[in-house]
Every structure is written in structure tokens, then in C-alpha cells.
$ cat data.tsv   # TSV, C-alpha atoms
chain	number	residue	atom	x	y	z
A	298	MET	CA	155.40	-0.09	32.97
A	299	GLY	CA	153.06	1.81	30.65
A	300	HIS	CA	149.96	3.72	31.60
A	301	GLY	CA	147.71	0.84	30.51
A	302	PRO	CA	148.97	-1.75	33.03
A	303	LYS	CA	149.06	0.85	35.82
A	304	LEU	CA	145.47	1.85	35.10
A	305	LEU	CA	144.39	-1.78	35.02
A	306	LEU	CA	146.18	-2.45	38.32
A	307	GLY	CA	144.55	0.60	39.91
A	308	LEU	CA	141.09	-0.43	38.74
A	309	THR	CA	141.66	-3.94	40.04
A	310	LEU	CA	142.73	-2.68	43.48
A	311	PHE	CA	139.81	-0.25	43.59
A	312	THR	CA	137.38	-3.04	42.70
A	313	LEU	CA	138.82	-5.38	45.34
A	314	VAL	CA	138.61	-2.71	48.04
A	315	GLY	CA	135.05	-1.84	46.97
A	316	LEU	CA	133.95	-5.48	47.03
A	317	ASN	CA	135.55	-5.94	50.44
A	318	LEU	CA	133.74	-2.90	51.87
A	319	PHE	CA	130.46	-3.95	50.23
A	320	GLY	CA	130.84	-7.47	51.63
A	321	ASP	CA	131.52	-6.15	55.14
A	322	ASN	CA	128.51	-3.83	54.91
A	323	LEU	CA	126.30	-6.67	53.62
A	324	ALA	CA	127.46	-8.99	56.40
A	325	TRP	CA	126.71	-6.28	58.98
A	326	LYS	CA	123.24	-5.85	57.48
A	327	TYR	CA	122.47	-9.56	57.70
A	328	ASP	CA	123.81	-9.74	61.26
A	329	GLU	CA	121.51	-6.85	62.21
A	330	VAL	CA	118.49	-8.52	60.60
A	331	ASP	CA	119.31	-11.83	62.27
A	332	GLU	CA	119.55	-10.07	65.63
A	333	ARG	CA	116.13	-8.44	65.14
A	334	VAL	CA	114.53	-11.77	64.20
A	335	LYS	CA	116.06	-13.49	67.22
A	336	GLU	CA	114.83	-10.69	69.48
A	337	LEU	CA	111.30	-10.89	68.07
A	338	THR	CA	111.27	-14.65	68.47
A	339	HIS	CA	112.43	-14.37	72.08
A	340	ARG	CA	109.90	-11.66	72.95
A	341	SER	CA	107.05	-13.57	71.32
A	342	GLY	CA	107.98	-16.53	73.51
A	343	ASN	CA	107.35	-14.38	76.59
A	344	ASP	CA	104.20	-12.79	75.16
A	345	PRO	CA	102.89	-13.72	71.69
A	346	VAL	CA	101.52	-10.17	71.34
A	347	ILE	CA	104.61	-7.95	71.51
A	348	HIS	CA	104.05	-4.49	72.97
A	349	LEU	CA	105.60	-1.78	70.80
A	350	ASN	CA	106.68	1.73	71.71
A	351	LEU	CA	108.06	4.31	69.28
A	352	ASN	CA	111.62	2.93	69.41
A	353	THR	CA	110.71	-0.73	68.93
A	354	TYR	CA	108.12	0.24	66.31
A	355	LYS	CA	110.87	1.86	64.24
A	356	LYS	CA	113.31	-0.96	64.95
A	357	TYR	CA	111.07	-3.87	63.98
A	358	LEU	CA	108.96	-2.20	61.32
A	359	ARG	CA	110.81	0.65	59.63
A	360	MET	CA	114.34	-0.75	59.45
A	361	SER	CA	115.15	-2.60	56.25
A	362	PRO	CA	115.44	-5.35	55.18
A	363	LYS	CA	112.50	-6.92	57.00
A	364	PRO	CA	112.13	-10.64	56.12
A	365	TYR	CA	108.93	-11.15	58.14
A	366	SER	CA	105.28	-10.10	58.29
A	367	LEU	CA	104.17	-8.09	61.29
A	368	VAL	CA	100.48	-7.95	62.22
A	369	ILE	CA	99.84	-5.01	64.54
A	370	MET	CA	96.74	-4.25	66.57
A	371	PHE	CA	96.32	-0.52	67.20
A	372	THR	CA	94.10	-0.14	70.22
A	373	VAL	CA	93.12	1.63	73.45
A	374	LEU	CA	92.73	-0.80	76.36
A	375	ASN	CA	92.43	1.61	79.29
A	376	PRO	CA	89.04	0.78	80.90
A	377	SER	CA	88.39	4.48	81.50
A	378	ARG	CA	88.21	4.92	77.72
A	379	GLY	CA	85.12	2.72	77.61
A	380	CYS	CA	86.13	0.94	74.38
A	381	GLU	CA	84.42	-2.42	74.90
A	382	ILE	CA	85.08	-3.58	71.34
A	383	CYS	CA	88.81	-2.94	71.91
A	384	ILE	CA	88.80	-5.41	74.81
A	385	PHE	CA	86.89	-8.02	72.79
A	386	VAL	CA	89.18	-7.69	69.75
A	387	ASP	CA	92.22	-7.88	72.05
A	388	GLU	CA	90.97	-11.21	73.44
A	389	GLU	CA	90.34	-12.63	69.94
A	390	PHE	CA	93.65	-11.28	68.65
A	391	ARG	CA	95.43	-13.02	71.52
A	392	VAL	CA	93.72	-16.31	70.66
A	393	VAL	CA	95.23	-16.05	67.17
A	394	ALA	CA	98.68	-14.99	68.39
A	395	ASN	CA	98.79	-17.72	71.05
A	396	SER	CA	97.67	-20.32	68.52
A	397	TRP	CA	100.45	-19.33	66.11
A	398	ARG	CA	103.12	-19.32	68.85
A	399	ARG	CA	102.02	-22.78	70.09
A	400	SER	CA	101.67	-24.21	66.61
A	401	LYS	CA	104.18	-26.71	65.26
A	402	LEU	CA	104.21	-24.53	62.15
A	403	PHE	CA	105.59	-21.51	64.04
A	404	ASN	CA	108.51	-19.79	62.35
A	405	SER	CA	110.09	-16.35	62.06
A	406	LYS	CA	107.98	-15.35	59.03
A	407	LEU	CA	105.12	-13.95	61.12
A	408	PHE	CA	104.89	-12.00	64.37
A	409	PHE	CA	102.07	-10.29	66.27
A	410	ALA	CA	102.28	-6.97	68.10
A	411	LYS	CA	100.15	-4.19	69.52
A	412	VAL	CA	100.36	-0.43	69.89
A	413	ASP	CA	98.29	1.06	72.71
A	414	MET	CA	97.74	4.80	72.29
A	415	ASP	CA	97.76	5.37	76.06
A	416	TYR	CA	100.99	3.44	76.58
A	417	GLU	CA	103.76	5.08	74.55
A	418	GLY	CA	101.70	4.93	71.37
A	419	LYS	CA	100.44	8.49	70.72
A	420	GLN	CA	103.27	9.42	68.35
A	421	ILE	CA	102.82	6.17	66.40
A	422	PHE	CA	99.09	6.87	66.01
A	423	LYS	CA	99.96	10.36	64.78
A	424	ASN	CA	102.54	9.04	62.30
A	425	MET	CA	100.04	6.46	61.01
A	426	ASN	CA	97.27	9.08	60.86
A	427	LEU	CA	94.98	6.73	62.82
A	428	ASN	CA	91.86	8.17	64.43
A	429	MET	CA	89.79	5.00	64.90
A	430	VAL	CA	90.37	1.98	67.11
A	431	PRO	CA	90.74	-0.90	67.10
A	432	ALA	CA	92.62	-1.38	63.83
A	433	LEU	CA	94.45	-4.47	62.58
A	434	ILE	CA	97.12	-3.83	59.96
A	435	HIS	CA	99.42	-6.29	58.23
A	436	PHE	CA	102.90	-4.99	57.37
A	437	PRO	CA	104.40	-7.31	54.73
A	438	PRO	CA	108.10	-8.19	54.36
A	439	SER	CA	110.46	-5.82	52.59
A	440	GLY	CA	109.94	-5.79	48.85
A	441	SER	CA	106.15	-6.18	49.08
A	442	GLN	CA	103.87	-3.21	48.64
A	443	MET	CA	101.14	-2.61	51.21
A	444	LYS	CA	97.63	-2.81	49.83
A	445	LYS	CA	94.20	-1.71	50.98
A	446	GLU	CA	93.46	-5.30	52.02
A	447	ASP	CA	96.35	-5.18	54.52
A	448	THR	CA	94.01	-3.25	56.83
A	449	MET	CA	91.39	-5.66	58.14
A	450	ASN	CA	87.71	-4.84	57.87
A	451	LEU	CA	86.54	-5.28	61.46
A	452	GLN	CA	82.89	-5.88	60.71
A	453	ARG	CA	83.73	-9.43	61.77
A	454	PHE	CA	86.37	-9.60	64.44
A	455	SER	CA	86.34	-13.17	65.73
A	456	ALA	CA	89.58	-15.11	66.00
A	457	GLU	CA	88.46	-17.23	63.04
A	458	SER	CA	87.95	-14.19	60.80
A	459	ILE	CA	91.31	-12.72	61.88
A	460	ALA	CA	93.09	-16.00	61.10
A	461	TYR	CA	91.40	-16.18	57.69
A	462	TRP	CA	92.44	-12.61	56.89
A	463	ILE	CA	96.04	-13.44	57.87
A	464	LEU	CA	95.90	-16.49	55.58
A	465	GLN	CA	94.84	-14.24	52.70
A	466	ARG	CA	97.63	-11.74	53.38
A	467	THR	CA	100.50	-14.11	54.22
A	468	ASN	CA	99.48	-17.53	52.87
A	469	ILE	CA	100.17	-18.90	56.37
A	470	ARG	CA	97.55	-21.28	57.77
A	471	PHE	CA	97.53	-22.64	61.32
A	472	PRO	CA	94.92	-24.16	63.65
A	473	LEU	CA	93.28	-22.05	66.36
A	474	PHE	CA	93.43	-23.13	69.97
A	475	ARG	CA	91.10	-21.66	72.58
A	476	GLN	CA	91.72	-22.09	76.29
A	477	PRO	CA	88.88	-24.17	77.82
A	478	ASN	CA	86.36	-22.14	79.81
A	479	TYR	CA	85.65	-23.98	83.05
A	480	THR	CA	83.42	-21.29	84.54
A	481	ALA	CA	80.11	-22.99	83.66
A	482	THR	CA	81.41	-26.40	84.81
A	483	ILE	CA	82.60	-25.05	88.15
A	484	ALA	CA	79.32	-23.16	88.66
A	485	GLY	CA	77.32	-26.33	87.91
A	486	ILE	CA	79.36	-28.45	90.34
A	487	ALA	CA	79.02	-25.76	93.03
A	488	ALA	CA	75.22	-25.63	92.52
A	489	VAL	CA	74.93	-29.43	92.80
A	490	CYS	CA	77.05	-29.43	95.98
A	491	ILE	CA	74.95	-26.67	97.56
A	492	LEU	CA	71.70	-28.41	96.63
A	493	THR	CA	72.99	-31.71	98.03
A	494	GLY	CA	74.02	-29.99	101.25
A	495	VAL	CA	70.61	-28.32	101.65
A	496	ILE	CA	68.81	-31.63	101.08
A	497	PHE	CA	71.04	-33.37	103.63
A	498	LEU	CA	70.56	-30.68	106.28
A	499	TYR	CA	66.79	-30.44	105.86
A	500	ARG	CA	66.10	-34.05	104.91
A	501	SER	CA	63.60	-34.47	107.77
A	502	LYS	CA	61.46	-31.66	106.33
A	503	LEU	CA	61.62	-32.88	102.75
A	504	THR	CA	59.66	-36.10	103.14
A	505	PHE	CA	57.24	-34.92	100.44
A	506	LEU	CA	59.97	-35.67	97.94
A	507	LEU	CA	59.35	-39.37	98.63
A	508	ASN	CA	55.61	-39.02	98.03
A	509	ARG	CA	54.66	-40.80	94.79
A	510	ARG	CA	51.39	-38.87	94.47
A	511	ALA	CA	53.28	-35.54	94.64
A	512	TRP	CA	55.67	-36.69	91.92
A	513	GLY	CA	52.77	-37.91	89.77
A	514	ILE	CA	50.91	-34.60	90.04
A	515	GLY	CA	54.10	-32.67	89.32
A	516	SER	CA	54.80	-34.79	86.24
A	517	LEU	CA	51.27	-34.24	84.90
A	518	VAL	CA	51.58	-30.48	85.41
A	519	VAL	CA	54.84	-30.44	83.42
A	520	ILE	CA	53.40	-32.61	80.62
A	521	PHE	CA	50.21	-30.55	80.24
A	522	THR	CA	52.22	-27.30	80.30
A	523	MET	CA	54.56	-28.51	77.59
A	524	THR	CA	51.81	-29.82	75.30
A	525	SER	CA	49.35	-26.96	75.77
A	526	GLY	CA	51.27	-24.52	73.62
A	527	GLN	CA	52.01	-22.18	76.53
A	528	MET	CA	55.75	-22.83	76.43
A	529	TRP	CA	56.44	-22.68	72.70
$ encode --input "data.tsv" --output "C-alpha cells"
Amino acid sequence: MGHGPKLLLGLTLFTLVGLNLFGDNLAWKYDEVDERVKELTHRSGNDPVIHLNLNTYKKYLRMSPKPYSLVIMFTVLNPSRGCEICIFVDEEFRVVANSWRRSKLFNSKLFFAKVDMDYEGKQIFKNMNLNMVPALIHFPPSGSQMKKEDTMNLQRFSAESIAYWILQRTNIRFPLFRQPNYTATIAGIAAVCILTGVIFLYRSKLTFLLNRRAWGIGSLVVIFTMTSGQMW
């Protein structure tokens, strides 16, 4: 066998070994990515806003490839810090994250997370060179360059404005769902019950309520007050 066939055979074996190693490495990469996506999906099921420390920050954000968008709220929620806007933005951010997790459109292309400076977040703040809170930043999938618009302008920080900003950055649209607030309803029912109880207990002393003349005078007072310009 001449040198030519031997060289060709050697190159063929080298190529096959290289392709085999490359394929194994590629398969390992995809298995690792799939594991990260499954972990994020599971954690978002427990809490739609995933708490990140330095290790999970590197794992979910810095490792490549990253086939998902990650929207992170950098904040300080310790009440002793006195950051009232942080608490408000946290509530609105959670409305958006909960809405996405409950949506029929939910998929592994978008996740929500937070980094709290007082809870294992100081080094992350330092790495990001952040000195103002709260901050909402969108980290796009691998292969996409971050832009200035990926940091939200928090002049408007309602859930609606956050969802619209996410739509602009990810092209993902989903309906918002707010938990009903029953506080006013409960307070109204309680007030009616108390008033009813008072009337029942002191009904013998409230006979003036059955006096037509008293009601007529009261009605005239209300009418004249409303039409005299004193109220408006």
C-alpha cells in the first residue's frame, strides 16, 4: 500500500473520530440546556418570579447556549431600606409574571426572575455595575445582542407598561390577570352589618326615623345644599 492510500485512510479515521467527539460534545451541550430549561420551568411553577443568587445567576444567564429570554428585576425589598417604589414595582412585576405563568400561551421562551441586593445579590449588583433600584432588564436569548431598550425606563411602572415593554423586546403578548381585591367589599358588608345591628339594638330610640316630617326636612336640606353651589 502506497503513501497515498495510507494518508487517505488516516485522514478518514481522524475525521470519524473528530465527528464522533464533536457529536458527543454537542449532545452533552443540548442535554445541559434541556436540563436548565426544565429546571427553570419547574421553579417558575413554584414561584413565577425566580429568586437568583450568584450561582443560579451564572447558571441561567451566563452559560451558553441560552434559548430563552430572562427578564430580571434588580431590587431591594428589605422594609428597613425604605424603598417604597421597590415594593410597588415588585407587586406589578409579579402581576405580569403570574399572568404569563397562568397563560395558555406559556412556554419556555420567557422566564421572570429577581435579584435582591440584600439576599445574596451584592456581587451580582457589583458585576452589573448597578447603583439604582429598582431596575428591570431583559436578557435576550443567545445570539441576540443586548440593546439600550433592554433596560426598561421606569417612569411608568404599572403591570400594563411592563407587559408592553416585554412585548416590544420579545414579541410575546399575553393577557394580564389581576387577583380580585375584596377588601372594599368586605369592609362594606361589615359596615352594613354593624349599622343593622345598631339599629336593631336601639330601635326603640330611633322612632324619629319613621317620622315623615323629619325625612321631608332632611330631603329639602340635601336638595338645597346640592343646588346652591356649595358642594361643587
$ residues_around --input "data.tsv" --residues "Ser455 of chain A" --least-positions-apart "2" --cutoff "8 Å" --atoms "all atoms listed in the file" --output "MDAnalysis selection string"
chainID A and resid 386 389 453 457:459
$ atom_distance --input "data.tsv" --atom1 "atom CA of Pro362 of chain A" --atom2 "atom CA of Glu332 of chain A"
12.2 Å
$ atom_distance --input "data.tsv" --atom1 "atom CA of Phe422 of chain A" --atom2 "atom CA of Lys363 of chain A"
21.2 Å
$ atom_distance --input "data.tsv" --atom1 "atom CA of Arg466 of chain A" --atom2 "atom CA of Leu402 of chain A"
16.8 Å
$ closest_residue --input "data.tsv" --among "A:Ile421, A:Ala456, A:Ile483, A:Leu337" --to "Leu351 of chain A" --atoms "only C-alpha atoms"
A:Ile421
$ residues_near_point --input "data.tsv" --point "(105.5, -12.0, 71.6)" --cutoff "12 Å" --atoms "all atoms listed in the file" --output "PyMOL selection string"
chain A and resi 334-349+367-369+391+393-399+405+407-411
$ residues_near_point --input "data.tsv" --point "(96.9, 1.6, 64.2)" --cutoff "8 Å" --atoms "only C-alpha atoms" --output "NGL selection string"
:A and (369-372 or 412 or 421-422 or 425 or 427 or 429-434)
$ build_atoms --input "data.tsv" --residues "segment 399-410 of chain A" --atoms "all heavy atoms" --output "mmCIF file, in the coordinates of the input"
data_model
loop_
_atom_site.group_PDB
_atom_site.id
_atom_site.type_symbol
_atom_site.label_atom_id
_atom_site.label_comp_id
_atom_site.auth_asym_id
_atom_site.auth_seq_id
_atom_site.Cartn_x
_atom_site.Cartn_y
_atom_site.Cartn_z
ATOM 1 N N ARG A 399 102.048 -21.397 69.609
ATOM 2 C CA ARG A 399 102.020 -22.780 70.090
ATOM 3 C C ARG A 399 102.016 -23.787 68.952
ATOM 4 O O ARG A 399 102.194 -24.982 69.189
ATOM 5 C CB ARG A 399 100.796 -22.996 70.969
ATOM 6 C CG ARG A 399 100.788 -22.163 72.242
ATOM 7 C CD ARG A 399 99.554 -22.405 73.064
ATOM 8 N NE ARG A 399 99.404 -23.807 73.442
ATOM 9 C CZ ARG A 399 98.508 -24.251 74.305
ATOM 10 N NH1 ARG A 399 97.673 -23.415 74.883
ATOM 11 N NH2 ARG A 399 98.426 -25.528 74.585
ATOM 12 N N SER A 400 101.791 -23.307 67.746
ATOM 13 C CA SER A 400 101.670 -24.210 66.610
ATOM 14 C C SER A 400 103.023 -24.832 66.246
ATOM 15 O O SER A 400 104.087 -24.207 66.390
ATOM 16 C CB SER A 400 101.121 -23.440 65.393
ATOM 17 O OG SER A 400 101.184 -24.231 64.227
ATOM 18 N N LYS A 401 102.970 -26.056 65.750
ATOM 19 C CA LYS A 401 104.180 -26.710 65.260
ATOM 20 C C LYS A 401 104.693 -26.032 63.992
ATOM 21 O O LYS A 401 105.849 -26.236 63.599
ATOM 22 C CB LYS A 401 103.892 -28.190 64.975
ATOM 23 C CG LYS A 401 103.564 -29.008 66.221
ATOM 24 C CD LYS A 401 103.277 -30.455 65.868
ATOM 25 C CE LYS A 401 102.942 -31.271 67.120
ATOM 26 N NZ LYS A 401 102.639 -32.689 66.779
ATOM 27 N N LEU A 402 103.837 -25.229 63.367
ATOM 28 C CA LEU A 402 104.210 -24.530 62.150
ATOM 29 C C LEU A 402 104.898 -23.198 62.417
ATOM 30 O O LEU A 402 105.305 -22.509 61.484
ATOM 31 C CB LEU A 402 102.961 -24.289 61.283
ATOM 32 C CG LEU A 402 102.150 -25.526 60.888
ATOM 33 C CD1 LEU A 402 100.868 -25.122 60.185
ATOM 34 C CD2 LEU A 402 102.981 -26.444 59.989
ATOM 35 N N PHE A 403 105.029 -22.822 63.699
ATOM 36 C CA PHE A 403 105.590 -21.510 64.040
ATOM 37 C C PHE A 403 106.975 -21.336 63.440
ATOM 38 O O PHE A 403 107.816 -22.227 63.490
ATOM 39 C CB PHE A 403 105.670 -21.348 65.560
ATOM 40 C CG PHE A 403 106.395 -20.090 65.977
ATOM 41 C CD1 PHE A 403 105.748 -18.867 65.945
ATOM 42 C CD2 PHE A 403 107.728 -20.141 66.356
ATOM 43 C CE1 PHE A 403 106.417 -17.704 66.305
ATOM 44 C CE2 PHE A 403 108.403 -18.989 66.730
ATOM 45 C CZ PHE A 403 107.738 -17.773 66.695
ATOM 46 N N ASN A 404 107.187 -20.152 62.854
ATOM 47 C CA ASN A 404 108.510 -19.790 62.350
ATOM 48 C C ASN A 404 108.661 -18.267 62.415
ATOM 49 O O ASN A 404 107.774 -17.561 62.903
ATOM 50 C CB ASN A 404 108.710 -20.305 60.912
ATOM 51 C CG ASN A 404 107.618 -19.813 59.974
ATOM 52 O OD1 ASN A 404 107.331 -18.619 59.896
ATOM 53 N ND2 ASN A 404 106.991 -20.744 59.260
ATOM 54 N N SER A 405 109.784 -17.773 61.945
ATOM 55 C CA SER A 405 110.090 -16.350 62.060
ATOM 56 C C SER A 405 109.552 -15.542 60.882
ATOM 57 O O SER A 405 110.021 -14.431 60.630
ATOM 58 C CB SER A 405 111.605 -16.158 62.170
ATOM 59 O OG SER A 405 112.261 -16.688 61.018
ATOM 60 N N LYS A 406 108.567 -16.067 60.161
ATOM 61 C CA LYS A 406 107.980 -15.350 59.030
ATOM 62 C C LYS A 406 106.799 -14.481 59.441
ATOM 63 O O LYS A 406 106.319 -13.664 58.658
ATOM 64 C CB LYS A 406 107.527 -16.338 57.950
ATOM 65 C CG LYS A 406 108.640 -17.185 57.358
ATOM 66 C CD LYS A 406 109.668 -16.342 56.640
ATOM 67 C CE LYS A 406 110.743 -17.218 55.991
ATOM 68 N NZ LYS A 406 111.791 -16.394 55.336
ATOM 69 N N LEU A 407 106.310 -14.679 60.682
ATOM 70 C CA LEU A 407 105.120 -13.950 61.120
ATOM 71 C C LEU A 407 105.209 -13.665 62.615
ATOM 72 O O LEU A 407 105.497 -14.565 63.406
ATOM 73 C CB LEU A 407 103.862 -14.770 60.823
ATOM 74 C CG LEU A 407 102.526 -14.237 61.341
ATOM 75 C CD1 LEU A 407 102.177 -12.902 60.680
ATOM 76 C CD2 LEU A 407 101.415 -15.265 61.106
ATOM 77 N N PHE A 408 104.936 -12.404 62.969
ATOM 78 C CA PHE A 408 104.890 -12.000 64.370
ATOM 79 C C PHE A 408 103.668 -11.118 64.606
ATOM 80 O O PHE A 408 103.147 -10.491 63.680
ATOM 81 C CB PHE A 408 106.163 -11.237 64.767
ATOM 82 C CG PHE A 408 107.410 -12.059 64.706
ATOM 83 C CD1 PHE A 408 108.264 -11.960 63.620
ATOM 84 C CD2 PHE A 408 107.730 -12.947 65.726
ATOM 85 C CE1 PHE A 408 109.416 -12.721 63.547
ATOM 86 C CE2 PHE A 408 108.883 -13.719 65.668
ATOM 87 C CZ PHE A 408 109.730 -13.605 64.578
ATOM 88 N N PHE A 409 103.226 -11.096 65.870
ATOM 89 C CA PHE A 409 102.070 -10.290 66.270
ATOM 90 C C PHE A 409 102.507 -9.237 67.286
ATOM 91 O O PHE A 409 103.335 -9.511 68.160
ATOM 92 C CB PHE A 409 100.984 -11.178 66.886
ATOM 93 C CG PHE A 409 100.353 -12.132 65.918
ATOM 94 C CD1 PHE A 409 100.949 -13.353 65.631
ATOM 95 C CD2 PHE A 409 99.158 -11.806 65.281
ATOM 96 C CE1 PHE A 409 100.376 -14.235 64.729
ATOM 97 C CE2 PHE A 409 98.574 -12.686 64.383
ATOM 98 C CZ PHE A 409 99.181 -13.894 64.103
ATOM 99 N N ALA A 410 101.920 -8.052 67.175
ATOM 100 C CA ALA A 410 102.280 -6.970 68.100
ATOM 101 C C ALA A 410 101.080 -6.061 68.298
ATOM 102 O O ALA A 410 100.061 -6.180 67.611
ATOM 103 C CB ALA A 410 103.468 -6.181 67.545
#
